[in-house]
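Here is the structure we will look at.
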Amino acid sequence: MSDKPTIREHWSGAWGFILAAAGSAIGLGNIWKFPYITGENGGGAFVLVYLLCIAVIGAPVMICEFALGRHTQRNPVGAFQALSPKTSVLAHLVGIGVLLAGLFLLLFGSWGWSVLLIALGLLIFRYGWTLVGVMGVTAGFTILSFYSVVAGWTIGYIWKAATNQLNFANVAMAKEHFDHFILHPGWAIGCHFLFMLLCVLIVYKGVRSGIERWSKILMPVLFLIILVLIVRSLTLPGAMAGVRFYLTPDFSKINANSVLIALGHAFFSLSLGMGAMITYGSYISREENLFSATLSVVGLDTLIALMAGLAIFPAVFAQGFGPDAGPGLVFQVLPTVFHQIPFGAFWAFLFFLLLMIAALTSGISLLEVVTAYFVDERGWARHRAAVAFGLAIFLLGSLCAISVADWSRLEGLQAVLLKIFGTTKASFFDTMDNLSSNWFLPLGGLFIALFTGWIWGTKHALDEIRHGSSNFGDVHLFSLLAGLKDDPSHNSRIHVVTLASLWGIFIRFISPVAVLIAFLHTVGWLDLRP
Ligand code: PFF
């Protein structure tokens, strides 16, 4: 709690914090995933839906996370523990619901799910809201295990570009090369190890001289590289077809499904729902303005995602390729595109370097969540926690790396999971991805919003947010938008329509309902497909 006399490290100032948080948000999600889901879901129309999701759900939840972290000065588990009431009716109701669902499933003989739900129900009953924090720390573990495998591929491709090995006459050749590379355990695990090593080295150094220092170096480099790549891409003959494809709104492609894709991606892209921003928030000083910091982080994240599309699609179209390669776009189509333009190896090198930097500043935030928990709650030294959990995540990630395509190398594990749950995902890698992105993050986001809105309470949260934000949240929204925040004649009365009240309504009603619908849809309990 804030009254604990800690000597917690803090960011050196607003800029250091914003770059670190933007570094967490800007990652593979922006450069690898955003462009291709935009391409598949109606281009500019999807971008508009995505912006709406970010404004309505992403930004309000991010403010909650920053406020929870700064107020408690703790990791996600400690933050929930510090603010949870002795008994919470809502937590008990959820606990009973989960318990009953577990007992119900027993009737159908699906004992794996049943045992899991009964155990979970009892845990919710015992630990209440603190479990949301535990889920966040667990998500840090599971996300980084597969994330760093993909990040490892980018290191491999940087090496391949530097040694001029990415000479593909067509996409089929590039695909064969890629498949061979990711299925080669030596390469896959070696590169994954290198990436985890970089994460550990940075987190090991601490908040200021590790995370902040490297974010301040890497984020401007990332921005510069993406600018150079955009210029290169846009100046290729025929590039405009790509711009048109990317940004022309096609509203016929927008349906419930694409809205939910946008919502799910907003969470992943902004690093929300697992306490990364609670942890980073716990290193913010009371002088910083949380509203404007959130605006900067969300703005930078969206800007880089849009820029990534502008770096990729014009080049893809200019060289006569299609935009619909999905996840393979970056590792298969792009190397082929680069090979066809002068100094291709150099452009490929720059691109994969960009991807690696983006992944690294996200990877460190994931490892920091786990590290902060063991430092705060278990009294471990930072060095020890960073190394021990870096190693543990490396080991879990190695399972992802060797089973990225199917279960053939982990048949024993698949048999166990199959016996318990009745079905399995396509691979262990997919299982980790599914568990984190479809379960942990949305549920985490839902509970963070509910907790802030209904348990901690918007009033207490706002008291925290008001520190350092001058009168930002309390002036009439119109005056704020008109730039009249400090004008006495606009500011002399108590207003109802303010940023603060708007945020409160979103966090209590709109965000939880939207996230719940998205969650039920992704796990298949609600079908909104047309
Ligand atoms: N925001 C990162 C991306 O877009 O790639 C992924 C991520 C990082 C998710 C950190 C969650 C997190 F805590």
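In the structure tokens, chains take the letters A, B, ... in the order shown, each chain's residues start at 1, and ligands count up from 1 in the order shown.
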- A:Gly58: which residues within 12 Å, counting only C-alpha atoms, same-chain residues fewer than 6 positions away excluded, as a ChimeraX atom specification? /A:25,50-52,64-65,262-273,277,294-295,297-299,301-302,442,445-446,448-449,503,506-507,510-512,514-515
List as a tab-separated table every residue of chain A that is in contact with ligand 1, defined as an atom at most 7 Å from one of its atoms (using only C-alpha atoms and all ligand atoms), together with the nearest atom pair and the distance in Å rounded to one decimal, sorted by chain and then rising number.
residue	atom	partner	partner_atom_place_in_ligand_line	distance
A:Ser24	CA	ligand 1	8 (C)	5.2
A:Ala25	CA	ligand 1	1 (N)	3.7
A:Ile26	CA	ligand 1	4 (O)	5.1
A:Gly27	CA	ligand 1	5 (O)	3.3
A:Leu28	CA	ligand 1	5 (O)	3.9
A:Gly29	CA	ligand 1	4 (O)	3.4
A:Asn30	CA	ligand 1	4 (O)	5.2
A:Gly140	CA	ligand 1	13 (F)	6.3
A:Phe268	CA	ligand 1	9 (C)	4.8
A:Ser269	CA	ligand 1	4 (O)	3.5
A:Leu270	CA	ligand 1	1 (N)	4.9
A:Ser271	CA	ligand 1	11 (C)	3.5
A:Leu272	CA	ligand 1	11 (C)	6.0
A:Met274	CA	ligand 1	13 (F)	5.9
A:Gly275	CA	ligand 1	13 (F)	6.7
A:Ala276	CA	ligand 1	13 (F)	4.5
A:Ala359	CA	ligand 1	5 (O)	6.4
A:Ser362	CA	ligand 1	8 (C)	4.6
A:Gly363	CA	ligand 1	8 (C)	6.4
A:Ser365	CA	ligand 1	10 (C)	5.7
A:Leu366	CA	ligand 1	13 (F)	5.1
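Relative to atom CA of A:Gln319, atom CA of A:Tyr246 is found at 15.4 Å.
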- Length of the atom CA of A:Thr458 to atom CA of A:Thr87 vector [Å]: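 The value is 18.8 Å.
Nearest residue to A:Ala174 among A:Ile505, A:Leu227, A:Leu367, A:Leu329 is A:Leu329, counting only C-alpha atoms.
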- Task: Could you please write out, as a ChimeraX atom specification, every residue of stretch 186-280 of chain A that DSSP assigns to helix (DSSP H, G or I)?
- Result: /A:186-204,207-234,240-247,251-253,256-269,276-280
- So, counting only C-alpha atoms, which residue among A:Ser292, A:Ser209, A:Thr130, A:Asn75 is closest to A:Ala91? A:Thr130
- One decimal, Å: what's the distance from atom CA of A:Val259 over to atom CA of A:Ala45, could you say? 10.4 Å
- Task: Excluding A:Trp407 and any residue of its chain fewer than 4 positions from it, enumerate the residues within 10 Å of it, using only C-alpha atoms, and give them as a list in words.
- Result: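 Counting only C-alpha atoms, the residues come to Cys400, Ile402, Ser403, Glu411, Gly412, Leu413, Gln414, Ala415, Thr424, Lys425, Ala426, Ser427, Phe428 and Phe429 of chain A.
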- Task: Compile the contact shell of A:Ile96 as JSON, numbers by chain: residues with an atom at most 10 Å away, counting only C-alpha atoms, same-chain residues fewer than 5 positions apart removed.
- Result: {"A": [90, 91, 101, 102, 118, 120, 121, 122, 124, 125]}
Using the selection just defined, write its residues with N, CA and C atoms as a PDB file, in the first residue's frame.
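Writing done, so here's part31.pdb:
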ATOM      1  N   LEU A  90     -19.600  -9.217  -4.793  1.00  0.00           N
ATOM      2  CA  LEU A  90     -19.426  -9.519  -6.218  1.00  0.00           C
ATOM      3  C   LEU A  90     -18.471 -10.700  -6.399  1.00  0.00           C
ATOM      4  N   ALA A  91     -17.349 -10.664  -5.651  1.00  0.00           N
ATOM      5  CA  ALA A  91     -16.374 -11.760  -5.769  1.00  0.00           C
ATOM      6  C   ALA A  91     -17.000 -13.079  -5.325  1.00  0.00           C
ATOM      7  N   ALA A 101     -20.917 -23.931 -11.896  1.00  0.00           N
ATOM      8  CA  ALA A 101     -20.643 -24.356 -13.273  1.00  0.00           C
ATOM      9  C   ALA A 101     -19.789 -25.620 -13.248  1.00  0.00           C
ATOM     10  N   GLY A 102     -18.816 -25.665 -12.327  1.00  0.00           N
ATOM     11  CA  GLY A 102     -17.952 -26.842 -12.203  1.00  0.00           C
ATOM     12  C   GLY A 102     -18.753 -28.071 -11.823  1.00  0.00           C
ATOM     13  N   ILE A 118     -14.181 -26.069 -10.267  1.00  0.00           N
ATOM     14  CA  ILE A 118     -14.447 -26.170  -8.824  1.00  0.00           C
ATOM     15  C   ILE A 118     -13.273 -25.564  -8.047  1.00  0.00           C
ATOM     16  N   LEU A 120     -11.153 -23.369  -9.115  1.00  0.00           N
ATOM     17  CA  LEU A 120     -11.137 -21.925  -9.343  1.00  0.00           C
ATOM     18  C   LEU A 120     -12.185 -21.226  -8.482  1.00  0.00           C
ATOM     19  N   GLY A 121     -13.375 -21.839  -8.428  1.00  0.00           N
ATOM     20  CA  GLY A 121     -14.456 -21.266  -7.616  1.00  0.00           C
ATOM     21  C   GLY A 121     -14.024 -21.130  -6.163  1.00  0.00           C
ATOM     22  N   LEU A 122     -13.384 -22.191  -5.638  1.00  0.00           N
ATOM     23  CA  LEU A 122     -12.934 -22.144  -4.241  1.00  0.00           C
ATOM     24  C   LEU A 122     -11.861 -21.076  -4.040  1.00  0.00           C
ATOM     25  N   ILE A 124     -11.503 -18.367  -5.815  1.00  0.00           N
ATOM     26  CA  ILE A 124     -12.136 -17.033  -5.864  1.00  0.00           C
ATOM     27  C   ILE A 124     -12.770 -16.733  -4.517  1.00  0.00           C
ATOM     28  N   PHE A 125     -13.389 -17.755  -3.957  1.00  0.00           N
ATOM     29  CA  PHE A 125     -14.016 -17.583  -2.646  1.00  0.00           C
ATOM     30  C   PHE A 125     -12.995 -17.180  -1.588  1.00  0.00           C
TER      31      PHE A 125
END
- Counting only C-alpha atoms, closest pick from A:Phe346, A:Trp113, A:Tyr283, A:Tyr127 relative to A:Lys86 is A:Tyr127
- With a distance cut-off of 12 Å and only C-alpha atoms, select the neighbouring residues of A:Thr235, excluding the residue or stretch itself and same-chain residues fewer than 2 positions from it, and output the selection as a PyMOL selection string. chain A and resi 228-233+237-240+242-243+310-311+314-315+318+341
Residues just named, written with N, CA and C atoms as a PDB file, in the first residue's frame:
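As written to disk, selection.pdb reads:
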ATOM      1  N   VAL A 228      11.789   5.811 -42.414  1.00  0.00           N
ATOM      2  CA  VAL A 228      12.619   5.515 -43.588  1.00  0.00           C
ATOM      3  C   VAL A 228      11.926   4.461 -44.451  1.00  0.00           C
ATOM      4  N   LEU A 229      11.363   3.436 -43.805  1.00  0.00           N
ATOM      5  CA  LEU A 229      10.709   2.367 -44.567  1.00  0.00           C
ATOM      6  C   LEU A 229       9.460   2.879 -45.286  1.00  0.00           C
ATOM      7  N   ILE A 230       8.745   3.816 -44.651  1.00  0.00           N
ATOM      8  CA  ILE A 230       7.551   4.369 -45.313  1.00  0.00           C
ATOM      9  C   ILE A 230       7.964   5.125 -46.571  1.00  0.00           C
ATOM     10  N   VAL A 231       9.020   5.933 -46.440  1.00  0.00           N
ATOM     11  CA  VAL A 231       9.469   6.706 -47.604  1.00  0.00           C
ATOM     12  C   VAL A 231       9.869   5.750 -48.729  1.00  0.00           C
ATOM     13  N   ARG A 232      10.618   4.701 -48.374  1.00  0.00           N
ATOM     14  CA  ARG A 232      11.047   3.734 -49.391  1.00  0.00           C
ATOM     15  C   ARG A 232       9.826   3.092 -50.061  1.00  0.00           C
ATOM     16  N   SER A 233       8.881   2.691 -49.226  1.00  0.00           N
ATOM     17  CA  SER A 233       7.723   1.969 -49.727  1.00  0.00           C
ATOM     18  C   SER A 233       6.860   2.859 -50.619  1.00  0.00           C
ATOM     19  N   PRO A 237       7.320   2.565 -57.673  1.00  0.00           N
ATOM     20  CA  PRO A 237       6.260   2.746 -58.674  1.00  0.00           C
ATOM     21  C   PRO A 237       5.084   1.812 -58.372  1.00  0.00           C
ATOM     22  N   GLY A 238       3.878   2.366 -58.404  1.00  0.00           N
ATOM     23  CA  GLY A 238       2.694   1.532 -58.143  1.00  0.00           C
ATOM     24  C   GLY A 238       2.318   1.440 -56.679  1.00  0.00           C
ATOM     25  N   ALA A 239       2.970   2.244 -55.863  1.00  0.00           N
ATOM     26  CA  ALA A 239       2.731   2.144 -54.416  1.00  0.00           C
ATOM     27  C   ALA A 239       1.329   2.600 -54.016  1.00  0.00           C
ATOM     28  N   MET A 240       0.768   3.530 -54.815  1.00  0.00           N
ATOM     29  CA  MET A 240      -0.510   4.117 -54.390  1.00  0.00           C
ATOM     30  C   MET A 240      -1.644   3.093 -54.297  1.00  0.00           C
ATOM     31  N   GLY A 242      -1.488   0.298 -52.991  1.00  0.00           N
ATOM     32  CA  GLY A 242      -1.419  -0.229 -51.626  1.00  0.00           C
ATOM     33  C   GLY A 242      -2.019   0.734 -50.630  1.00  0.00           C
ATOM     34  N   VAL A 243      -1.733   2.032 -50.819  1.00  0.00           N
ATOM     35  CA  VAL A 243      -2.291   3.032 -49.903  1.00  0.00           C
ATOM     36  C   VAL A 243      -3.807   3.015 -50.007  1.00  0.00           C
ATOM     37  N   LEU A 310       1.485   1.554 -43.601  1.00  0.00           N
ATOM     38  CA  LEU A 310       1.976   2.386 -44.706  1.00  0.00           C
ATOM     39  C   LEU A 310       3.370   1.967 -45.153  1.00  0.00           C
ATOM     40  N   ALA A 311       4.106   1.307 -44.256  1.00  0.00           N
ATOM     41  CA  ALA A 311       5.424   0.820 -44.651  1.00  0.00           C
ATOM     42  C   ALA A 311       5.296  -0.491 -45.423  1.00  0.00           C
ATOM     43  N   PRO A 314       2.080  -0.488 -49.392  1.00  0.00           N
ATOM     44  CA  PRO A 314       2.494   0.066 -50.678  1.00  0.00           C
ATOM     45  C   PRO A 314       3.578  -0.789 -51.344  1.00  0.00           C
ATOM     46  N   ALA A 315       4.534  -1.281 -50.555  1.00  0.00           N
ATOM     47  CA  ALA A 315       5.594  -2.105 -51.142  1.00  0.00           C
ATOM     48  C   ALA A 315       5.025  -3.425 -51.655  1.00  0.00           C
ATOM     49  N   ALA A 318       3.123  -2.655 -54.822  1.00  0.00           N
ATOM     50  CA  ALA A 318       4.013  -2.190 -55.890  1.00  0.00           C
ATOM     51  C   ALA A 318       4.702  -3.377 -56.562  1.00  0.00           C
ATOM     52  N   ILE A 341      13.541  -5.327 -54.826  1.00  0.00           N
ATOM     53  CA  ILE A 341      13.879  -3.907 -54.959  1.00  0.00           C
ATOM     54  C   ILE A 341      15.371  -3.711 -54.680  1.00  0.00           C
TER      55      ILE A 341
END
Residues within 12 Å of A:Ser88, only C-alpha atoms, excluding chain neighbours under 4 positions, as a PDB file with C-alpha atoms, in the first residue's frame:
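File written: part30.pdb
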ATOM      1  CA  LEU A  83      -7.500  -2.290  -2.227  1.00  0.00           C
ATOM      2  CA  SER A  84      -9.740  -5.332  -1.832  1.00  0.00           C
ATOM      3  CA  HIS A  92     -18.427 -14.250  -3.770  1.00  0.00           C
ATOM      4  CA  LEU A  93     -21.126 -14.305  -6.424  1.00  0.00           C
ATOM      5  CA  VAL A  94     -18.565 -14.948  -9.155  1.00  0.00           C
ATOM      6  CA  GLY A  95     -16.985 -17.654  -6.962  1.00  0.00           C
ATOM      7  CA  ILE A 124     -12.136 -17.033  -5.864  1.00  0.00           C
ATOM      8  CA  PHE A 125     -14.016 -17.583  -2.646  1.00  0.00           C
ATOM      9  CA  ARG A 126     -10.804 -17.593  -0.633  1.00  0.00           C
ATOM     10  CA  TYR A 127      -8.746 -14.909  -2.364  1.00  0.00           C
ATOM     11  CA  GLY A 128     -11.361 -12.774  -4.102  1.00  0.00           C
ATOM     12  CA  TRP A 129     -10.085  -9.928  -6.240  1.00  0.00           C
ATOM     13  CA  THR A 130      -6.440 -10.679  -5.589  1.00  0.00           C
ATOM     14  CA  PHE A 451     -12.989  -3.473  -9.660  1.00  0.00           C
ATOM     15  CA  TRP A 454     -17.546  -0.761  -8.334  1.00  0.00           C
ATOM     16  CA  ILE A 455     -15.161  -1.971  -5.628  1.00  0.00           C
ATOM     17  CA  TRP A 456     -12.356   0.541  -5.249  1.00  0.00           C
TER      18      TRP A 456
END
